[in-house]
file upload-v8.txt (compact mmCIF, C-alpha atoms and all ligand atoms)
# COMPACT_ATOMS: atom_id res chain seq x y z
CA MET M 57 93.83 194.43 112.54
CA ILE M 58 91.50 194.06 109.56
CA SER M 59 88.64 191.67 110.28
CA ILE M 60 88.54 188.36 108.45
CA LEU M 61 84.92 187.34 107.83
CA LEU M 62 83.32 184.04 106.93
CA PRO M 63 81.73 184.43 103.50
CA ASN M 64 78.12 183.87 104.63
CA SER M 65 75.30 185.87 103.11
CA ALA M 66 75.19 188.45 105.92
CA ASN M 67 78.91 189.18 105.56
CA ILE M 68 78.70 189.29 101.78
CA ALA M 69 75.92 191.86 102.13
CA LEU M 70 78.12 193.84 104.56
CA ALA M 71 81.07 193.73 102.15
CA ALA M 72 78.84 194.80 99.25
CA GLU M 73 77.63 197.77 101.30
CA SER M 74 81.25 198.84 101.94
CA LEU M 75 81.98 198.62 98.22
CA ARG M 76 78.92 200.66 97.27
CA ARG M 77 80.11 203.37 99.67
CA GLY M 78 83.52 203.44 97.94
CA GLY M 79 85.35 201.24 100.47
CA LEU M 80 87.73 198.37 99.74
CA VAL M 81 87.21 194.67 100.43
CA ALA M 82 89.71 191.81 100.04
CA LEU M 83 88.02 188.92 98.26
CA PRO M 84 89.03 185.36 97.41
CA THR M 85 89.31 184.35 93.77
CA GLU M 86 90.43 181.00 92.39
CA THR M 87 93.83 182.55 91.45
CA VAL M 88 94.89 184.84 94.31
CA TYR M 89 93.10 187.15 96.76
CA GLY M 90 92.09 190.49 95.24
CA LEU M 91 91.81 193.99 96.71
CA ALA M 92 88.44 195.04 95.35
CA GLY M 93 86.82 198.44 94.84
CA ASP M 94 83.95 199.73 92.68
CA ALA M 95 85.42 199.79 89.17
CA LEU M 96 83.15 202.66 88.12
CA ASN M 97 84.04 204.91 91.09
CA PRO M 98 87.30 206.85 90.54
CA ALA M 99 87.61 207.61 94.28
CA ALA M 100 87.54 203.88 95.10
CA LEU M 101 90.09 203.22 92.34
CA ALA M 102 92.40 205.90 93.74
CA ARG M 103 92.12 204.23 97.16
CA ILE M 104 93.23 200.88 95.67
CA PHE M 105 96.41 202.47 94.25
CA GLU M 106 97.06 204.24 97.56
CA VAL M 107 96.55 201.21 99.83
CA LYS M 108 98.59 198.92 97.58
CA GLN M 109 101.26 201.62 97.06
CA ARG M 110 100.90 200.83 93.39
CA PRO M 111 102.17 203.25 90.73
CA TYR M 112 99.39 204.85 88.69
CA PHE M 113 100.88 203.57 85.43
CA ASP M 114 99.94 199.97 86.30
CA PRO M 115 96.28 199.39 85.29
CA LEU M 116 93.74 197.25 87.16
CA ILE M 117 91.77 194.17 86.14
CA VAL M 118 88.00 194.71 86.14
CA HIS M 119 86.02 191.70 87.42
CA ILE M 120 82.50 190.88 86.31
CA ALA M 121 79.98 188.14 87.11
CA ASP M 122 77.79 188.59 84.04
CA ARG M 123 78.70 188.74 80.33
CA ILE M 124 76.28 191.64 79.92
CA TRP M 125 79.06 193.87 81.25
CA VAL M 126 81.40 192.98 78.37
CA GLU M 127 79.19 194.92 75.97
CA LYS M 128 78.92 197.85 78.39
CA LEU M 129 82.61 198.12 79.20
CA CYS M 130 84.12 197.35 75.77
CA THR M 131 83.59 198.80 72.31
CA ASP M 132 85.07 196.23 69.99
CA ILE M 133 85.24 192.51 70.75
CA PRO M 134 87.23 190.23 68.42
CA ASP M 135 85.61 186.87 67.58
CA GLN M 136 88.53 185.04 69.20
CA ALA M 137 87.80 186.87 72.47
CA ARG M 138 84.19 185.65 72.40
CA VAL M 139 85.32 182.08 71.76
CA LEU M 140 87.66 182.30 74.78
CA MET M 141 84.94 183.78 77.02
CA ASP M 142 82.55 180.97 76.00
CA ARG M 143 85.14 178.33 76.78
CA PHE M 144 87.12 179.66 79.77
CA TRP M 145 84.88 182.06 81.73
CA PRO M 146 84.39 181.97 84.60
CA GLY M 147 88.07 181.15 85.18
CA PRO M 148 91.67 182.36 85.33
CA LEU M 149 91.70 184.25 82.01
CA THR M 150 91.87 188.06 81.61
CA LEU M 151 91.17 189.67 78.23
CA VAL M 152 92.41 193.16 77.35
CA LEU M 153 89.86 194.85 75.06
CA PRO M 154 89.09 198.39 73.79
CA LYS M 155 87.33 200.26 76.60
CA SER M 156 84.06 202.20 76.52
CA ASN M 157 83.58 205.64 78.10
CA LEU M 158 81.98 203.98 81.12
CA VAL M 159 85.39 202.77 82.33
CA PRO M 160 87.22 205.46 84.33
CA ASP M 161 90.70 206.30 82.98
CA LEU M 162 92.14 205.49 86.39
CA ALA M 163 91.17 201.82 85.95
CA THR M 164 93.22 201.55 82.75
CA SER M 165 95.99 204.03 83.69
CA GLY M 166 94.91 206.11 80.71
CA LEU M 167 95.33 203.21 78.24
CA PRO M 168 92.61 202.76 75.59
CA ASN M 169 92.02 199.13 76.67
CA VAL M 170 90.45 197.58 79.75
CA ALA M 171 91.41 194.21 81.27
CA LEU M 172 88.32 192.07 81.99
CA ARG M 173 87.95 188.83 83.87
CA MET M 174 85.13 186.68 85.24
CA PRO M 175 86.48 184.80 88.28
CA SER M 176 85.12 181.35 89.11
CA HIS M 177 85.39 181.47 92.92
CA PRO M 178 81.83 181.26 94.30
CA VAL M 179 82.51 183.97 96.91
CA ALA M 180 83.85 186.39 94.28
CA LEU M 181 80.81 185.71 92.08
CA ALA M 182 78.39 186.09 95.02
CA LEU M 183 79.94 189.42 96.01
CA LEU M 184 79.92 190.73 92.42
CA ARG M 185 76.24 189.80 92.08
CA GLU M 186 75.38 191.40 95.41
CA VAL M 187 77.15 194.66 94.47
CA GLY M 188 75.59 194.54 91.00
CA SER M 189 78.45 196.28 89.24
CA PRO M 190 82.05 195.49 88.21
CA LEU M 191 84.89 195.44 90.73
CA ALA M 192 88.47 196.44 90.02
CA ALA M 193 90.76 194.07 91.91
CA PRO M 194 94.52 193.79 91.74
CA SER M 195 96.16 191.12 93.86
CA ALA M 196 95.79 192.02 97.56
CA ASN M 197 99.48 192.54 98.30
CA LEU M 198 101.73 195.59 98.49
CA PHE M 199 103.05 196.47 95.04
CA GLY M 200 105.94 194.19 94.08
CA ALA M 201 105.50 191.78 97.03
CA LEU M 202 104.45 188.11 97.09
CA SER M 203 100.84 187.51 96.05
CA PRO M 204 98.33 186.34 98.69
CA THR M 205 96.67 182.93 98.43
CA THR M 206 95.04 182.91 101.89
CA ALA M 207 93.06 185.46 103.93
CA ARG M 208 95.91 185.41 106.44
CA HIS M 209 98.44 186.50 103.79
CA VAL M 210 96.25 189.56 103.20
CA SER M 211 95.87 190.44 106.89
CA ASP M 212 99.64 190.05 107.36
CA ALA M 213 100.32 192.52 104.54
CA PHE M 214 97.92 195.34 105.48
CA SER M 215 97.02 196.99 108.76
CA GLN M 216 94.54 199.56 107.45
CA GLY M 217 92.66 200.83 104.41
CA ILE M 218 90.58 197.68 103.83
CA ASP M 219 87.09 197.35 105.37
CA CYS M 220 87.17 193.56 105.63
CA ILE M 221 88.65 190.37 104.21
CA LEU M 222 86.26 187.64 103.05
CA ASP M 223 87.84 184.27 103.81
CA GLY M 224 87.21 181.83 100.98
CA GLY M 225 89.96 179.39 102.00
CA PRO M 226 93.23 178.81 100.12
CA CYS M 227 93.11 179.68 96.40
CA SER M 228 92.81 176.57 94.23
CA VAL M 229 94.80 177.82 91.20
CA GLY M 230 97.40 179.79 93.16
CA VAL M 231 98.92 181.98 90.41
CA GLU M 232 97.30 185.02 88.81
CA SER M 233 95.16 184.84 85.70
CA THR M 234 96.64 184.55 82.22
CA VAL M 235 96.40 187.96 80.50
CA LEU M 236 95.82 188.14 76.72
CA GLY M 237 95.83 191.18 74.45
CA PHE M 238 94.57 191.24 70.84
CA GLY M 239 96.31 192.46 67.68
CA GLU M 240 94.67 194.45 64.88
CA ASN M 241 94.02 191.15 63.08
CA GLY M 242 91.98 190.02 66.09
CA ASN M 243 94.48 187.35 67.12
CA PRO M 244 95.49 187.08 70.77
CA PHE M 245 98.99 187.48 72.22
CA LEU M 246 100.25 186.66 75.70
CA LEU M 247 100.77 189.57 78.11
CA ARG M 248 101.21 187.47 81.27
CA PRO M 249 101.45 183.68 81.68
CA GLY M 250 99.07 182.57 84.41
CA GLY M 251 96.56 180.06 85.73
CA LEU M 252 95.26 179.04 82.30
CA SER M 253 97.99 177.41 80.22
CA LYS M 254 98.96 178.64 76.77
CA GLU M 255 98.51 175.08 75.49
CA GLU M 256 94.83 175.00 76.59
CA ILE M 257 94.17 178.32 74.82
CA GLU M 258 95.99 177.17 71.68
CA SER M 259 94.03 173.93 71.54
CA VAL M 260 90.70 175.79 71.63
CA LEU M 261 91.70 178.45 69.07
CA LYS M 262 93.69 175.95 66.97
CA MET M 263 96.53 178.45 66.59
CA LYS M 264 99.81 179.38 68.27
CA ILE M 265 99.75 182.23 70.77
CA SER M 266 102.68 184.60 70.39
CA ALA M 267 104.38 186.78 72.98
CA ALA M 268 103.25 190.43 73.19
CA PRO M 269 104.72 192.56 70.39
CA ILE M 270 107.52 194.90 71.43
CA SER M 271 106.23 198.46 71.51
CA ASP M 272 107.06 201.91 72.90
CA VAL M 273 103.80 201.99 74.85
CA PRO M 274 103.84 199.57 77.79
CA GLN M 275 101.50 196.76 76.75
CA SER M 276 101.05 195.42 80.26
CA PRO M 277 102.74 197.74 82.69
CA GLY M 278 102.49 195.16 85.47
CA GLY M 279 104.97 193.03 83.55
CA LEU M 280 107.85 194.76 85.31
CA SER M 281 110.95 192.68 85.80
CA SER M 282 110.85 192.94 89.59
CA HIS M 283 107.62 191.70 91.09
CA TYR M 284 106.32 188.92 93.34
CA ALA M 285 109.44 189.30 95.48
CA PRO M 286 109.86 187.93 99.00
CA ARG M 287 111.84 190.08 101.47
CA THR M 288 114.44 187.31 101.72
CA PRO M 289 116.83 187.32 98.72
CA LEU M 290 115.58 184.71 96.23
CA PHE M 291 117.78 182.84 93.75
CA PHE M 292 116.80 180.16 91.30
CA PHE M 293 118.60 177.19 89.77
CA GLU M 294 117.81 174.81 86.93
CA ALA M 295 116.46 171.33 87.73
CA GLY M 296 119.20 168.72 87.77
CA LYS M 297 121.77 171.14 89.22
CA SER M 298 122.55 170.59 92.88
CA PRO M 299 122.06 173.74 94.88
CA ASN M 300 124.65 174.74 97.44
CA ALA M 301 123.21 175.00 100.94
CA SER M 302 124.94 177.69 102.99
CA ALA M 303 124.11 179.00 106.45
CA ARG M 304 120.39 179.52 107.00
CA SER M 305 119.17 178.94 103.49
CA GLY M 306 115.75 177.72 102.48
CA LEU M 307 114.91 175.52 99.51
CA LEU M 308 111.85 175.62 97.28
CA TRP M 309 111.85 172.14 95.74
CA PHE M 310 109.72 170.45 93.09
CA GLY M 311 109.23 166.76 92.28
CA PRO M 312 110.00 163.31 93.67
CA GLU M 313 113.84 163.48 93.59
CA PRO M 314 115.53 163.23 97.01
CA VAL M 315 115.82 166.65 98.64
CA PRO M 316 119.45 167.88 98.92
CA SER M 317 120.68 168.09 102.50
CA GLY M 318 121.93 171.05 104.48
CA PHE M 319 118.95 173.40 104.14
CA THR M 320 117.39 175.01 107.20
CA ALA M 321 113.92 174.68 105.68
CA VAL M 322 112.52 172.91 102.62
CA GLU M 323 109.17 173.35 100.91
CA ASN M 324 108.31 170.87 98.17
CA ILE M 325 105.57 172.48 96.08
CA SER M 326 104.65 169.12 94.48
CA ALA M 327 106.31 165.88 95.53
CA THR M 328 104.59 164.10 92.63
CA GLY M 329 105.86 166.64 90.09
CA ASN M 330 102.36 167.94 89.28
CA LEU M 331 102.49 171.52 87.94
CA ARG M 332 98.90 172.35 88.93
CA GLU M 333 99.59 171.37 92.52
CA ALA M 334 102.88 173.29 92.37
CA ALA M 335 101.10 176.47 91.20
CA MET M 336 98.55 176.10 93.99
CA ASN M 337 101.30 175.79 96.62
CA LEU M 338 103.83 178.27 95.19
CA PHE M 339 103.00 181.51 97.02
CA ALA M 340 102.10 179.84 100.34
CA ALA M 341 105.50 178.08 100.29
CA LEU M 342 107.31 181.34 99.50
CA HIS M 343 105.39 183.21 102.23
CA LYS M 344 106.35 180.48 104.71
CA LEU M 345 110.05 180.48 103.81
CA ASP M 346 110.02 184.29 103.80
CA SER M 347 108.69 184.39 107.39
CA MET M 348 111.53 182.26 108.79
CA GLY M 349 114.31 184.85 108.95
CA LEU M 350 116.45 182.94 106.44
CA GLU M 351 119.45 184.51 104.71
CA ARG M 352 118.37 183.35 101.28
CA ILE M 353 115.89 181.17 99.45
CA LEU M 354 116.94 178.93 96.56
CA ALA M 355 114.17 177.91 94.18
CA GLN M 356 114.20 175.17 91.60
CA ILE M 357 112.94 176.16 88.15
CA VAL M 358 110.10 173.81 87.05
CA PRO M 359 109.44 172.43 83.53
CA GLU M 360 108.57 175.28 81.13
CA SER M 361 105.19 173.90 80.00
CA GLY M 362 101.56 174.26 81.10
CA LEU M 363 101.34 176.10 84.42
CA GLY M 364 105.13 175.77 84.71
CA ARG M 365 105.45 178.93 82.58
CA ALA M 366 103.53 180.99 85.14
CA ILE M 367 105.47 179.46 88.05
CA ASN M 368 108.86 180.18 86.43
CA ASP M 369 107.74 183.69 85.47
CA ARG M 370 106.94 184.46 89.14
CA LEU M 371 110.19 182.88 90.37
CA ARG M 372 112.37 184.73 87.86
CA ARG M 373 110.71 188.06 88.59
CA GLY M 374 110.89 187.49 92.36
CA CYS M 375 114.66 187.24 91.92
CA ALA M 376 115.28 190.57 90.25
CA PRO M 377 116.39 193.29 92.66
CA LEU M 378 113.58 195.60 93.74
CA GLY M 379 113.44 199.05 92.19
CA GLN M 380 114.24 198.01 88.61
O1 LIG M 401 94.26 186.52 88.86
C1 LIG M 401 94.29 187.74 88.76
O2 LIG M 401 94.37 188.31 87.66
C2 LIG M 401 94.28 188.57 90.05
C3 LIG M 401 92.92 188.34 90.75
C4 LIG M 401 92.73 189.20 91.97
O3 LIG M 401 91.89 188.49 89.83
N1 LIG M 401 94.50 189.95 89.80
C5 LIG M 401 95.73 190.41 89.43
O4 LIG M 401 95.79 191.77 89.29
O5 LIG M 401 96.70 189.70 89.25
P1 LIG M 401 97.15 192.59 89.21
O6 LIG M 401 96.75 194.00 89.25
O7 LIG M 401 98.06 192.13 90.27
O8 LIG M 401 97.71 192.29 87.78
C6 LIG M 401 97.06 192.83 86.65
C7 LIG M 401 97.88 192.66 85.40
C8 LIG M 401 99.07 193.60 85.41
O9 LIG M 401 100.19 192.95 84.87
C9 LIG M 401 98.59 194.73 84.53
O10 LIG M 401 99.65 195.43 83.95
C10 LIG M 401 97.73 193.99 83.51
O11 LIG M 401 97.09 192.99 84.26
N2 LIG M 401 96.72 194.89 82.95
C11 LIG M 401 95.66 195.41 83.56
N3 LIG M 401 94.99 196.25 82.76
C12 LIG M 401 95.65 196.26 81.58
C13 LIG M 401 95.47 196.95 80.35
N4 LIG M 401 94.48 197.81 80.18
N5 LIG M 401 96.36 196.71 79.36
C14 LIG M 401 97.36 195.85 79.54
N6 LIG M 401 97.60 195.18 80.69
C15 LIG M 401 96.77 195.38 81.70
MG MG M 402 99.75 191.57 91.38
call {"tool": "encode", "arguments": {"input": "upload-v8.txt", "output": "structure tokens"}}
result
Amino acid sequence: MISILLPNSANIALAAESLRRGGLVALPTETVYGLAGDALNPAALARIFEVKQRPYFDPLIVHIADRIWVEKLCTDIPDQARVLMDRFWPGPLTLVLPKSNLVPDLATSGLPNVALRMPSHPVALALLREVGSPLAAPSANLFGALSPTTARHVSDAFSQGIDCILDGGPCSVGVESTVLGFGENGNPFLLRPGGLSKEEIESVLKMKISAAPISDVPQSPGGLSSHYAPRTPLFFFEAGKSPNASARSGLLWFGPEPVPSGFTAVENISATGNLREAAMNLFAALHKLDSMGLERILAQIVPESGLGRAINDRLRRGCAPLGQ
């Protein structure tokens, strides 16, 4: 059993000491819990891949608490990226930028770019400051599984390999950060929809954000079709369609409409139809339904706007069969 610690200053100092020695610590962020290791220590990075059972081709996000690290870790920073950092950091936005030699190749899976993010969770920031250097942190789940939004989700997923879990309470955003790459013209494109909506980014930059260009090189290798999957088979249906309850099925519902009958268990991720609340509740609801020994889970697709894009992305990818 991995110990879950209150995030007081003594425990943050303890966690920082583990990280400096090359150990791993699970930390709360505003999006999901992360599995953190020293981003500048290749041995710690290798341990992250091993513990998560993550393929080496899927690069890690490097977390910082201070903008000074942007200049140290990156070589070329488009103006648009600086505008976004000014406006949205700390927060659920990851920027993929050309890396400097300081960043180990293992962090970027050999790609020439590094993904950078400044989280806003006070415990993540306190730990980063205490360690004094950047931390690589993918979501603290086994590769391909549901993301963790509580300390308990992390301790349920791992039995070893992590020195401790800092408990910062349930994550307030609930879906992973939005990941943006930049084209040669310096304009951003969307690599992963997430906790910061495309509309908010577009309104600050006063331009449309396009999808990532199709290329032979994987732009964001984590964007695999099968990901975020519960163990229970997950199916989705469009809003307005009535789902068919069969024996032992669970329902992930959204909004104020009456819940269809016949389901063994129902989780409404926002009874008021609020997409922010739905994002916050999404993974906890899926974890709960997944723990009930159901035969299948049916999930309602939410409106494709704001945080709805990130929610639908996770639902659709949780549905694809594993191994694709
Ligand atoms: O909210 C978050 O981003 C959470 C918390 C812990 O910060 N972290 C997270 O990490 O979601 P992870 O590893 O589960 O997802 C990282 C995503 C993957 O899709 C990966 O492919 C992409 O970021 N990524 C990382 N480095 C990249 C790079 N150099 N180029 C393109 N995509 C990259
Ligand atoms: Mg992940």
call {"tool": "residues_near_point", "arguments": {"input": "upload-v8.txt", "point": "(82.2, 192.9, 103.0)", "cutoff": "10 Å", "atoms": "only C-alpha atoms", "output": "short mmCIF file (atom, residue, chain, number, x, y, z; two decimals) with C-alpha atoms, in the frame of the given file"}}
result
data_model
loop_
_atom_site.label_atom_id
_atom_site.label_comp_id
_atom_site.auth_asym_id
_atom_site.auth_seq_id
_atom_site.Cartn_x
_atom_site.Cartn_y
_atom_site.Cartn_z
CA SER M 59 88.64 191.67 110.28
CA ILE M 60 88.54 188.36 108.45
CA LEU M 61 84.92 187.34 107.83
CA LEU M 62 83.32 184.04 106.93
CA PRO M 63 81.73 184.43 103.50
CA SER M 65 75.30 185.87 103.11
CA ALA M 66 75.19 188.45 105.92
CA ASN M 67 78.91 189.18 105.56
CA ILE M 68 78.70 189.29 101.78
CA ALA M 69 75.92 191.86 102.13
CA LEU M 70 78.12 193.84 104.56
CA ALA M 71 81.07 193.73 102.15
CA ALA M 72 78.84 194.80 99.25
CA GLU M 73 77.63 197.77 101.30
CA SER M 74 81.25 198.84 101.94
CA LEU M 75 81.98 198.62 98.22
CA GLY M 79 85.35 201.24 100.47
CA LEU M 80 87.73 198.37 99.74
CA VAL M 81 87.21 194.67 100.43
CA ALA M 82 89.71 191.81 100.04
CA LEU M 83 88.02 188.92 98.26
CA LEU M 183 79.94 189.42 96.01
CA ILE M 218 90.58 197.68 103.83
CA ASP M 219 87.09 197.35 105.37
CA CYS M 220 87.17 193.56 105.63
CA ILE M 221 88.65 190.37 104.21
CA LEU M 222 86.26 187.64 103.05
#
call {"tool": "closest_residue", "arguments": {"input": "upload-v8.txt", "among": "M:Glu313, M:Glu186, M:Asp369, M:Glu86", "to": "ligand LIG 401 (chain M)", "atoms": "only C-alpha atoms and all ligand atoms"}}
result
M:Glu86
call {"tool": "residues_around", "arguments": {"input": "upload-v8.txt", "residues": "Ile265 of chain M", "least_positions_apart": "4", "cutoff": "8 Å", "atoms": "all atoms listed in the file", "output": "PDB file with C-alpha atoms, in the frame of the given file"}}
result
ATOM      1  CA  PRO M 244      95.490 187.080  70.770  1.00  0.00           C
ATOM      2  CA  PHE M 245      98.990 187.480  72.220  1.00  0.00           C
ATOM      3  CA  LEU M 246     100.250 186.660  75.700  1.00  0.00           C
ATOM      4  CA  LYS M 254      98.960 178.640  76.770  1.00  0.00           C
ATOM      5  CA  ILE M 257      94.170 178.320  74.820  1.00  0.00           C
ATOM      6  CA  GLU M 258      95.990 177.170  71.680  1.00  0.00           C
TER       7      GLU M 258
END
call {"tool": "residues_near_ligand", "arguments": {"input": "upload-v8.txt", "ligand": "ligand MG 402 (chain M)", "cutoff": "8 Å", "atoms": "only C-alpha atoms and all ligand atoms", "output": "PyMOL selection string"}}
result
chain M and resi 194-197+199-200+203+232+278+283-284
call {"tool": "closest_residue", "arguments": {"input": "upload-v8.txt", "among": "M:Gly78, M:Pro175, M:Gly166, M:Pro98", "to": "Gly251 of chain M", "atoms": "all atoms listed in the file"}}
result
M:Pro175
call {"tool": "residues_near_point", "arguments": {"input": "upload-v8.txt", "point": "(110.2, 170.2, 90.8)", "cutoff": "6 Å", "atoms": "all atoms listed in the file", "output": "PyMOL selection string"}}
result
chain M and resi 309-311+329+358
call {"tool": "axis_aligned_box", "arguments": {"input": "upload-v8.txt", "around": "ligand LIG 401 (chain M)", "padding_each_side": "5 Å", "output": "JSON"}}
result
{"center_x": 96.0, "center_y": 192.2, "center_z": 85.7, "size_x": 18.3, "size_y": 21.3, "size_z": 22.6}
call {"tool": "closest_residue", "arguments": {"input": "upload-v8.txt", "among": "M:Ser282, M:Ser156, M:Thr205, M:Ser233", "to": "ligand LIG 401 (chain M)", "atoms": "all atoms listed in the file"}}
result
M:Ser233
call {"tool": "closest_residue", "arguments": {"input": "upload-v8.txt", "among": "M:Ser228, M:Ser211, M:Asn330, M:Asn169", "to": "ligand LIG 401 (chain M)", "atoms": "only C-alpha atoms and all ligand atoms"}}
result
M:Asn169
call {"tool": "atom_distance", "arguments": {"input": "upload-v8.txt", "atom1": "atom CA of Gly147 of chain M", "atom2": "atom CA of Leu202 of chain M"}}
result
21.4 Å
call {"tool": "closest_residue", "arguments": {"input": "upload-v8.txt", "among": "M:Val322, M:Ala100, M:Leu345, M:Leu191", "to": "ligand LIG 401 (chain M)", "atoms": "only C-alpha atoms and all ligand atoms"}}
result
M:Leu191
call {"tool": "closest_residue", "arguments": {"input": "upload-v8.txt", "among": "M:Met57, M:Val170, M:Ala137, M:Leu149", "to": "ligand LIG 401 (chain M)", "atoms": "all atoms listed in the file"}}
result
M:Val170
call {"tool": "atom_distance", "arguments": {"input": "upload-v8.txt", "atom1": "atom O3 of ligand LIG 401 (chain M)", "atom2": "atom CA of Phe291 of chain M"}}
result
26.8 Å
call {"tool": "atom_distance", "arguments": {"input": "upload-v8.txt", "atom1": "atom CA of Ala193 of chain M", "atom2": "atom CA of Gly364 of chain M"}}
result
24.4 Å
call {"tool": "residues_around", "arguments": {"input": "upload-v8.txt", "residues": "Leu307 of chain M", "least_positions_apart": "5", "cutoff": "9 Å", "atoms": "all atoms listed in the file", "output": "PDB file with C-alpha atoms, keeping the file's coordinate frame"}}
result
ATOM      1  CA  PRO M 299     122.060 173.740  94.880  1.00  0.00           C
ATOM      2  CA  ALA M 301     123.210 175.000 100.940  1.00  0.00           C
ATOM      3  CA  VAL M 315     115.820 166.650  98.640  1.00  0.00           C
ATOM      4  CA  PRO M 316     119.450 167.880  98.920  1.00  0.00           C
ATOM      5  CA  PHE M 319     118.950 173.400 104.140  1.00  0.00           C
ATOM      6  CA  THR M 320     117.390 175.010 107.200  1.00  0.00           C
ATOM      7  CA  ALA M 321     113.920 174.680 105.680  1.00  0.00           C
ATOM      8  CA  VAL M 322     112.520 172.910 102.620  1.00  0.00           C
ATOM      9  CA  GLU M 323     109.170 173.350 100.910  1.00  0.00           C
ATOM     10  CA  ASN M 324     108.310 170.870  98.170  1.00  0.00           C
ATOM     11  CA  LEU M 345     110.050 180.480 103.810  1.00  0.00           C
ATOM     12  CA  ARG M 352     118.370 183.350 101.280  1.00  0.00           C
ATOM     13  CA  ILE M 353     115.890 181.170  99.450  1.00  0.00           C
ATOM     14  CA  LEU M 354     116.940 178.930  96.560  1.00  0.00           C
ATOM     15  CA  ALA M 355     114.170 177.910  94.180  1.00  0.00           C
ATOM     16  CA  GLN M 356     114.200 175.170  91.600  1.00  0.00           C
TER      17      GLN M 356
END
call {"tool": "residues_around", "arguments": {"input": "upload-v8.txt", "residues": "segment 104-107 of chain M", "least_positions_apart": "4", "cutoff": "7 Å", "atoms": "all atoms listed in the file", "output": "list in words"}}
result
Gly93, Ala100, Pro111, Tyr112 and Gly217 of chain M
call {"tool": "residues_around", "arguments": {"input": "upload-v8.txt", "residues": "Leu184 of chain M", "least_positions_apart": "6", "cutoff": "9 Å", "atoms": "all atoms listed in the file", "output": "list in words"}}
result
Ala72, His119, Ile120, Ala121, Asp122, Pro190 and Leu191 of chain M
call {"tool": "residues_around", "arguments": {"input": "upload-v8.txt", "residues": "Glu360 of chain M", "least_positions_apart": "5", "cutoff": "12 Å", "atoms": "all atoms listed in the file", "output": "JSON list (two decimals) with C-alpha atoms, keeping the file's coordinate frame"}}
result
[["chain", "number", "residue", "atom", "x", "y", "z"],
["M", 249, "PRO", "CA", 101.45, 183.68, 81.68],
["M", 253, "SER", "CA", 97.99, 177.41, 80.22],
["M", 254, "LYS", "CA", 98.96, 178.64, 76.77],
["M", 255, "GLU", "CA", 98.51, 175.08, 75.49],
["M", 294, "GLU", "CA", 117.81, 174.81, 86.93],
["M", 295, "ALA", "CA", 116.46, 171.33, 87.73],
["M", 331, "LEU", "CA", 102.49, 171.52, 87.94],
["M", 365, "ARG", "CA", 105.45, 178.93, 82.58],
["M", 366, "ALA", "CA", 103.53, 180.99, 85.14],
["M", 367, "ILE", "CA", 105.47, 179.46, 88.05],
["M", 368, "ASN", "CA", 108.86, 180.18, 86.43],
["M", 369, "ASP", "CA", 107.74, 183.69, 85.47]]
